[in-house]
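Just below is one structure, and these are the notes that go with it.
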Amino acid sequence: MSKKATKNQEPEASYAERDIVLAKVRGFPPWPGMVVNPDSVPPSVSKERPTGKKATFYCVRFFPAGDFAWLVAKDISKLKEHEIQAYISEPHKKNADLLAGYRIALDPEKWEKERENADIIAAEQEDNASVDQLDSEQDEDEKKQSKAKKRKRDSDAAAKPKAKSKTKTDKKTSVKGRKNGTKSKDMVESEDDGDQDAEGEGGDMASGAKAAPPPSKKPKRDKDEDVDVKMESDPEARKVREWRHKLQKALLGSKGLPSPDEMPGLDQLFGTVEKYEHPNLIDYLSFSKIGKVMRHIAALSAEKVPRDEEFHFRTRAKALVEKWHTIVDARKATEGGEAAPNGASAEGAAASPAQNATSTTAPAD
C-alpha cells in the first residue's frame, strides 16, 4: 500500500446548532457567528445550500448583521470565551462591526430575539407583497377595462348628431362625471389602510440572505411594527394568518392548479374559517389579510378551482367577504359614538377595552 493510504488523517471537526464559531469567508477577515439549523433558514438562503456529497456544509449566521453563509468544517473553528474577551480587550480596533460581532458572541440571546422579530416582519412583508401583487394586477385589468369603455363612449358620442342644446362644456362635464362615478360594491375591500403600510415597509428586509438593520433604527415605523409584534405574540392572530397562507398557496399560488385530491382538505379549512368567531376578529382580519385572499378566490374563474361545483369555494369566499364587511360596517357605526369599544362584533357585543384605537376607519384584512 502507498504511504498516502496508510497515513493517518485527523477526523473532521463537527459543529452543533447554536455553536459560537469563527468563520472564514473569502474576501473578509475571520468573523464571529453562530451555527444555525439549516432547515430553519429563509427560502432564499436554503436555495443556495450546496449539494456536494463529499463534504458537510454548515450554515453560519454572522454577528451583528445576520448574514448567512454555507461553509465546510475547515473554514470554521469554535470560538471560546477567553478568545472573545481577548479580542474585545485588545486596543485600537479598526472595524466597528467586527468588534460588535465579538461582543454579541459573548451573549447572543438578546441579538437572537432582535433578529427573530426582524425576520418575522420581513417574512410577513414578503407574504403581504404577494397579496398586494394580486391587487395590482386586478387594478391594471380594471384600468384597461375602464379605458376601453371610455373609448367606446367617446366613439358613440362622436357618431351621434350633436343636439343644439348641447355645448362642449356640457359634454366635458358629462364625461368627467362618468369617469368619477362610484365603484361597484360587489367585492369591496376593507383593507385599504393596511395596503399602504405593507408597501411602505417593503424593502431590504424581504431578502433572507442579507437582513436589514433592526426595526428600532427606523423611528417613523416604530408604532406600526409594535402592533405587528403584538399580533405576533397572539396565537389566535397567528392561527388566522396561517389559514390565509394555506388558502393563498393552494388557490392563488404560482405553481399551477391544486390537485383535485387536495380539495376536501381545503373544504374543511373553509368550514373552519366560516365558523370562526372572536371578539377581536376585525383585528385578526387586518393582521392576516385573509379578506383579500378570499376576495381574489371569489373572483377566480371556474376552471381555476378544481371541484368547485362540488365544494362551491368561490361562492363561499364571496359570502365570507360580505359577512366580514357587515362586521366592519357595524364596528364603524359603533365607533361613531364617543365610547365605542375596540373590536365590537357584528351583533354589537362588547369586546376587550380599546388599547390602540386611534382611528375610526375600518382596519385592513
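Residues are referred to by chain and number: the chain letter is A, B, ... according to the order shown in the C-alpha cells, the number counts from 1 in that chain, and ligands are numbered separately from 1 in the order shown.
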>> Going by DSSP on the backbone, which residues of region 3-110 of chain A come out as strand (DSSP E or B)? List them as a VMD selection string.
In response: chain A and resid 20 to 23 31 to 36 57 to 62 68 to 72 76 to 78
> Which polymer residues have any atom within 12 Å of an atom of region 47-56 of chain A, counting only C-alpha atoms, with same-chain residues fewer than 4 positions away left out, as a ChimeraX atom specification?
Replying inline: /A:12-15,38-39,41-43,60,68-76,208-209
> What is the CA of Val305 (chain A)-CA of Glu236 (chain A) distance in Å, reported with one decimal?
Replying inline: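 Separation of CA of Val305 (chain A) and CA of Glu236 (chain A): 28.1 Å.
Closest approach to Leu300 (chain A) among A:Met263, A:Ala333, A:Val273, A:Leu252 is made by A:Leu252 (distances from only C-alpha atoms).
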> Interatomic distance between CA of Arg18 (chain A) and CA of Ile120 (chain A)?
Replying inline: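 About the pair CA of Arg18 (chain A) and CA of Ile120 (chain A): they are 19.4 Å apart.
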> Using only C-alpha atoms, which of A:Lys318, A:Pro258, A:Ser77, A:Val229 sits nearest Ala122 (chain A)?
Replying inline: A:Val229
> Between CA of His312 (chain A) and CA of Ile327 (chain A), what is the distance, to one decimal in Å?
Replying inline: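 Result for CA of His312 (chain A) versus CA of Ile327 (chain A): 22.8 Å, one decimal.
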Leaving out region 93-103 of chain A and any residue of its chain fewer than 4 positions from it, which residues lie within 12 Å of it when counting only C-alpha atoms, given as a compact mmCIF listing (two decimals) with all heavy atoms, in the first residue's frame?
```
# COMPACT_ATOMS: atom_id res chain seq x y z
N ILE A 20 -21.00 28.83 18.91
CA ILE A 20 -20.40 30.12 18.55
C ILE A 20 -19.07 29.82 17.87
O ILE A 20 -18.21 29.13 18.43
CB ILE A 20 -20.17 31.00 19.80
CG1 ILE A 20 -21.51 31.20 20.54
CG2 ILE A 20 -19.59 32.34 19.40
CD1 ILE A 20 -22.59 31.84 19.71
N VAL A 21 -18.92 30.33 16.66
CA VAL A 21 -17.75 29.97 15.86
C VAL A 21 -17.11 31.21 15.25
O VAL A 21 -17.70 32.30 15.20
CB VAL A 21 -18.13 28.99 14.73
CG1 VAL A 21 -18.67 27.69 15.31
CG2 VAL A 21 -19.16 29.63 13.79
N LEU A 22 -15.88 31.01 14.78
CA LEU A 22 -15.17 32.00 13.98
C LEU A 22 -15.08 31.42 12.57
O LEU A 22 -14.48 30.36 12.36
CB LEU A 22 -13.78 32.26 14.55
CG LEU A 22 -13.03 33.49 14.02
CD1 LEU A 22 -13.77 34.77 14.41
CD2 LEU A 22 -11.61 33.53 14.55
N ALA A 23 -15.70 32.07 11.63
CA ALA A 23 -15.82 31.52 10.27
C ALA A 23 -15.09 32.39 9.26
O ALA A 23 -15.02 33.61 9.41
CB ALA A 23 -17.29 31.40 9.90
N PHE A 28 -13.12 38.41 3.36
CA PHE A 28 -13.42 39.01 4.67
C PHE A 28 -12.47 38.43 5.72
O PHE A 28 -11.98 37.30 5.58
CB PHE A 28 -14.86 38.71 5.08
CG PHE A 28 -15.89 39.35 4.19
CD1 PHE A 28 -16.36 38.69 3.06
CD2 PHE A 28 -16.38 40.62 4.48
CE1 PHE A 28 -17.30 39.27 2.24
CE2 PHE A 28 -17.33 41.21 3.66
CZ PHE A 28 -17.79 40.53 2.54
N PRO A 29 -12.24 39.17 6.79
CA PRO A 29 -11.46 38.60 7.89
C PRO A 29 -12.27 37.54 8.62
O PRO A 29 -13.50 37.49 8.46
CB PRO A 29 -11.19 39.82 8.79
CG PRO A 29 -12.32 40.75 8.51
CD PRO A 29 -12.64 40.57 7.06
N PRO A 30 -11.65 36.65 9.38
CA PRO A 30 -12.42 35.70 10.19
C PRO A 30 -13.46 36.45 11.03
O PRO A 30 -13.14 37.44 11.67
CB PRO A 30 -11.35 35.03 11.06
CG PRO A 30 -10.09 35.15 10.26
CD PRO A 30 -10.19 36.47 9.56
N TRP A 31 -14.67 35.94 11.01
CA TRP A 31 -15.80 36.70 11.59
C TRP A 31 -16.60 35.82 12.54
O TRP A 31 -16.88 34.65 12.23
CB TRP A 31 -16.70 37.20 10.47
CG TRP A 31 -17.44 38.45 10.82
CD1 TRP A 31 -18.56 38.55 11.58
CD2 TRP A 31 -17.10 39.77 10.42
NE1 TRP A 31 -18.95 39.85 11.68
CE2 TRP A 31 -18.07 40.64 10.98
CE3 TRP A 31 -16.07 40.32 9.65
CZ2 TRP A 31 -18.05 42.02 10.79
CZ3 TRP A 31 -16.06 41.70 9.46
CH2 TRP A 31 -17.02 42.53 10.03
N PRO A 32 -17.02 36.37 13.70
CA PRO A 32 -17.81 35.58 14.66
C PRO A 32 -19.25 35.40 14.19
O PRO A 32 -19.84 36.27 13.56
CB PRO A 32 -17.75 36.42 15.94
CG PRO A 32 -17.55 37.82 15.47
CD PRO A 32 -16.71 37.72 14.21
N GLY A 33 -19.77 34.23 14.50
CA GLY A 33 -21.16 33.94 14.15
C GLY A 33 -21.66 32.73 14.90
O GLY A 33 -21.03 32.25 15.85
N MET A 34 -22.81 32.24 14.47
CA MET A 34 -23.45 31.11 15.15
C MET A 34 -23.90 30.08 14.12
O MET A 34 -24.43 30.44 13.07
CB MET A 34 -24.66 31.60 15.96
CG MET A 34 -25.45 30.49 16.65
SD MET A 34 -26.99 31.12 17.39
CE MET A 34 -26.33 32.14 18.70
N ARG A 61 -24.62 32.02 10.70
CA ARG A 61 -25.20 33.36 10.65
C ARG A 61 -24.29 34.30 11.43
O ARG A 61 -24.00 34.07 12.61
CB ARG A 61 -26.60 33.38 11.23
CG ARG A 61 -27.34 34.68 10.94
CD ARG A 61 -28.80 34.64 11.28
NE ARG A 61 -29.52 35.72 10.62
CZ ARG A 61 -30.80 36.00 10.80
NH1 ARG A 61 -31.53 35.25 11.62
NH2 ARG A 61 -31.37 37.00 10.16
N PHE A 62 -23.85 35.36 10.78
CA PHE A 62 -22.82 36.23 11.35
C PHE A 62 -23.41 37.35 12.20
O PHE A 62 -24.51 37.85 11.92
CB PHE A 62 -21.97 36.82 10.22
CG PHE A 62 -21.16 35.80 9.47
CD1 PHE A 62 -21.60 35.32 8.24
CD2 PHE A 62 -19.99 35.29 10.00
CE1 PHE A 62 -20.86 34.38 7.55
CE2 PHE A 62 -19.25 34.34 9.32
CZ PHE A 62 -19.68 33.88 8.09
N PHE A 63 -22.64 37.73 13.22
CA PHE A 63 -22.97 38.89 14.05
C PHE A 63 -22.31 40.12 13.44
O PHE A 63 -21.20 40.03 12.90
CB PHE A 63 -22.43 38.69 15.48
CG PHE A 63 -22.80 37.39 16.13
CD1 PHE A 63 -21.82 36.62 16.79
CD2 PHE A 63 -24.10 36.90 16.11
CE1 PHE A 63 -22.14 35.44 17.40
CE2 PHE A 63 -24.42 35.70 16.71
CZ PHE A 63 -23.43 34.98 17.37
N PRO A 64 -22.91 41.31 13.52
CA PRO A 64 -24.25 41.60 14.01
C PRO A 64 -25.30 41.69 12.88
O PRO A 64 -26.47 41.82 13.16
CB PRO A 64 -24.07 42.97 14.66
CG PRO A 64 -23.04 43.65 13.78
CD PRO A 64 -22.12 42.56 13.31
N ALA A 65 -24.86 41.65 11.61
CA ALA A 65 -25.78 41.95 10.50
C ALA A 65 -26.80 40.84 10.25
O ALA A 65 -27.87 41.08 9.72
CB ALA A 65 -25.00 42.21 9.22
N GLY A 66 -26.46 39.59 10.62
CA GLY A 66 -27.39 38.49 10.39
C GLY A 66 -27.25 37.85 9.03
O GLY A 66 -28.15 37.12 8.60
N ASP A 67 -26.13 38.08 8.33
CA ASP A 67 -25.91 37.44 7.03
C ASP A 67 -25.64 35.95 7.22
O ASP A 67 -25.19 35.51 8.28
CB ASP A 67 -24.70 38.07 6.32
CG ASP A 67 -24.89 39.56 6.09
OD1 ASP A 67 -26.04 40.01 6.14
OD2 ASP A 67 -23.89 40.25 5.88
N LEU A 79 -15.28 29.24 18.77
CA LEU A 79 -14.78 30.47 19.39
C LEU A 79 -15.02 30.37 20.90
O LEU A 79 -16.16 30.32 21.35
CB LEU A 79 -15.50 31.68 18.80
CG LEU A 79 -14.93 33.06 19.07
CD1 LEU A 79 -13.47 33.14 18.62
CD2 LEU A 79 -15.75 34.12 18.35
N LYS A 80 -13.92 30.34 21.63
CA LYS A 80 -14.02 30.18 23.09
C LYS A 80 -14.13 31.54 23.77
O LYS A 80 -13.71 32.56 23.22
CB LYS A 80 -12.81 29.41 23.60
CG LYS A 80 -12.71 28.00 23.01
CD LYS A 80 -11.47 27.27 23.51
CE LYS A 80 -11.36 25.89 22.88
NZ LYS A 80 -10.14 25.17 23.31
N GLU A 81 -14.66 31.51 25.00
CA GLU A 81 -14.94 32.77 25.69
C GLU A 81 -13.68 33.58 25.93
O GLU A 81 -13.68 34.80 25.76
CB GLU A 81 -15.64 32.49 27.03
CG GLU A 81 -16.06 33.75 27.75
CD GLU A 81 -16.87 33.48 29.01
OE1 GLU A 81 -17.30 32.32 29.20
OE2 GLU A 81 -17.06 34.42 29.80
N HIS A 82 -12.58 32.93 26.30
CA HIS A 82 -11.36 33.69 26.59
C HIS A 82 -10.81 34.33 25.31
O HIS A 82 -10.19 35.40 25.35
CB HIS A 82 -10.31 32.79 27.25
CG HIS A 82 -9.71 31.77 26.34
ND1 HIS A 82 -8.63 32.01 25.54
CD2 HIS A 82 -10.06 30.47 26.10
CE1 HIS A 82 -8.32 30.93 24.85
NE2 HIS A 82 -9.18 29.97 25.18
N GLU A 83 -11.05 33.71 24.17
CA GLU A 83 -10.63 34.30 22.90
C GLU A 83 -11.46 35.54 22.58
O GLU A 83 -10.94 36.54 22.05
CB GLU A 83 -10.75 33.28 21.77
CG GLU A 83 -9.82 32.08 21.93
CD GLU A 83 -10.08 31.00 20.89
OE1 GLU A 83 -11.25 30.82 20.50
OE2 GLU A 83 -9.12 30.35 20.48
N ILE A 84 -12.75 35.47 22.87
CA ILE A 84 -13.63 36.62 22.65
C ILE A 84 -13.21 37.78 23.55
O ILE A 84 -13.09 38.93 23.12
CB ILE A 84 -15.09 36.24 22.92
CG1 ILE A 84 -15.53 35.09 21.99
CG2 ILE A 84 -16.01 37.45 22.73
CD1 ILE A 84 -16.90 34.54 22.29
N GLN A 85 -12.98 37.47 24.82
CA GLN A 85 -12.59 38.51 25.78
C GLN A 85 -11.26 39.14 25.38
O GLN A 85 -11.09 40.37 25.49
CB GLN A 85 -12.47 37.90 27.18
CG GLN A 85 -13.79 37.44 27.78
CD GLN A 85 -14.65 38.59 28.27
OE1 GLN A 85 -14.37 39.76 28.01
NE2 GLN A 85 -15.71 38.27 29.00
N ALA A 86 -10.34 38.32 24.89
CA ALA A 86 -9.03 38.85 24.49
C ALA A 86 -9.17 39.82 23.33
O ALA A 86 -8.50 40.87 23.30
CB ALA A 86 -8.11 37.69 24.11
N TYR A 87 -10.02 39.49 22.37
CA TYR A 87 -10.19 40.38 21.23
C TYR A 87 -10.85 41.69 21.66
O TYR A 87 -10.44 42.77 21.23
CB TYR A 87 -11.05 39.72 20.15
CG TYR A 87 -11.18 40.56 18.90
CD1 TYR A 87 -10.28 40.43 17.86
CD2 TYR A 87 -12.20 41.51 18.78
CE1 TYR A 87 -10.38 41.21 16.71
CE2 TYR A 87 -12.31 42.30 17.64
CZ TYR A 87 -11.40 42.14 16.62
OH TYR A 87 -11.50 42.92 15.50
N ILE A 88 -11.88 41.60 22.51
CA ILE A 88 -12.57 42.81 22.97
C ILE A 88 -11.63 43.71 23.77
O ILE A 88 -11.68 44.95 23.65
CB ILE A 88 -13.81 42.43 23.81
CG1 ILE A 88 -14.84 41.72 22.92
CG2 ILE A 88 -14.43 43.66 24.46
CD1 ILE A 88 -16.03 41.18 23.69
N SER A 89 -10.76 43.10 24.57
CA SER A 89 -9.85 43.87 25.42
C SER A 89 -8.69 44.47 24.65
O SER A 89 -8.06 45.43 25.10
CB SER A 89 -9.31 42.98 26.54
OG SER A 89 -10.37 42.45 27.32
N ASP A 107 -22.76 36.87 24.51
CA ASP A 107 -24.12 36.55 24.96
C ASP A 107 -25.09 36.90 23.84
O ASP A 107 -25.62 38.01 23.78
CB ASP A 107 -24.46 37.32 26.23
CG ASP A 107 -25.81 36.93 26.80
OD1 ASP A 107 -26.38 35.90 26.33
OD2 ASP A 107 -26.31 37.62 27.71
N PRO A 108 -25.35 35.96 22.93
CA PRO A 108 -26.14 36.28 21.74
C PRO A 108 -27.66 36.22 21.91
O PRO A 108 -28.39 36.42 20.95
CB PRO A 108 -25.69 35.19 20.75
CG PRO A 108 -25.35 34.03 21.61
CD PRO A 108 -24.79 34.60 22.88
N GLU A 109 -28.16 35.95 23.10
CA GLU A 109 -29.60 35.75 23.28
C GLU A 109 -30.41 36.99 22.90
O GLU A 109 -31.42 36.89 22.21
CB GLU A 109 -29.91 35.32 24.72
CG GLU A 109 -29.47 33.89 25.04
CD GLU A 109 -29.97 33.44 26.39
OE1 GLU A 109 -30.78 34.18 27.01
OE2 GLU A 109 -29.58 32.34 26.82
N LYS A 110 -29.96 38.16 23.36
CA LYS A 110 -30.68 39.39 23.04
C LYS A 110 -30.66 39.62 21.54
O LYS A 110 -31.68 40.00 20.93
CB LYS A 110 -30.06 40.58 23.78
CG LYS A 110 -30.76 41.90 23.51
CD LYS A 110 -30.11 43.04 24.26
CE LYS A 110 -30.79 44.37 23.93
NZ LYS A 110 -30.14 45.51 24.64
N TRP A 111 -29.52 39.40 20.92
CA TRP A 111 -29.39 39.56 19.47
C TRP A 111 -30.31 38.60 18.74
O TRP A 111 -30.94 38.96 17.75
CB TRP A 111 -27.94 39.33 19.07
CG TRP A 111 -27.68 39.39 17.60
CD1 TRP A 111 -27.40 40.49 16.86
CD2 TRP A 111 -27.67 38.28 16.69
NE1 TRP A 111 -27.21 40.15 15.54
CE2 TRP A 111 -27.37 38.79 15.40
CE3 TRP A 111 -27.86 36.91 16.82
CZ2 TRP A 111 -27.27 37.98 14.28
CZ3 TRP A 111 -27.77 36.11 15.69
CH2 TRP A 111 -27.48 36.64 14.44
```
> Which of these, A:Lys24, A:Pro91, A:Asn37, A:Arg241, has the shortest distance to Phe287 (chain A) once you count only C-alpha atoms?
Replying inline: A:Arg241
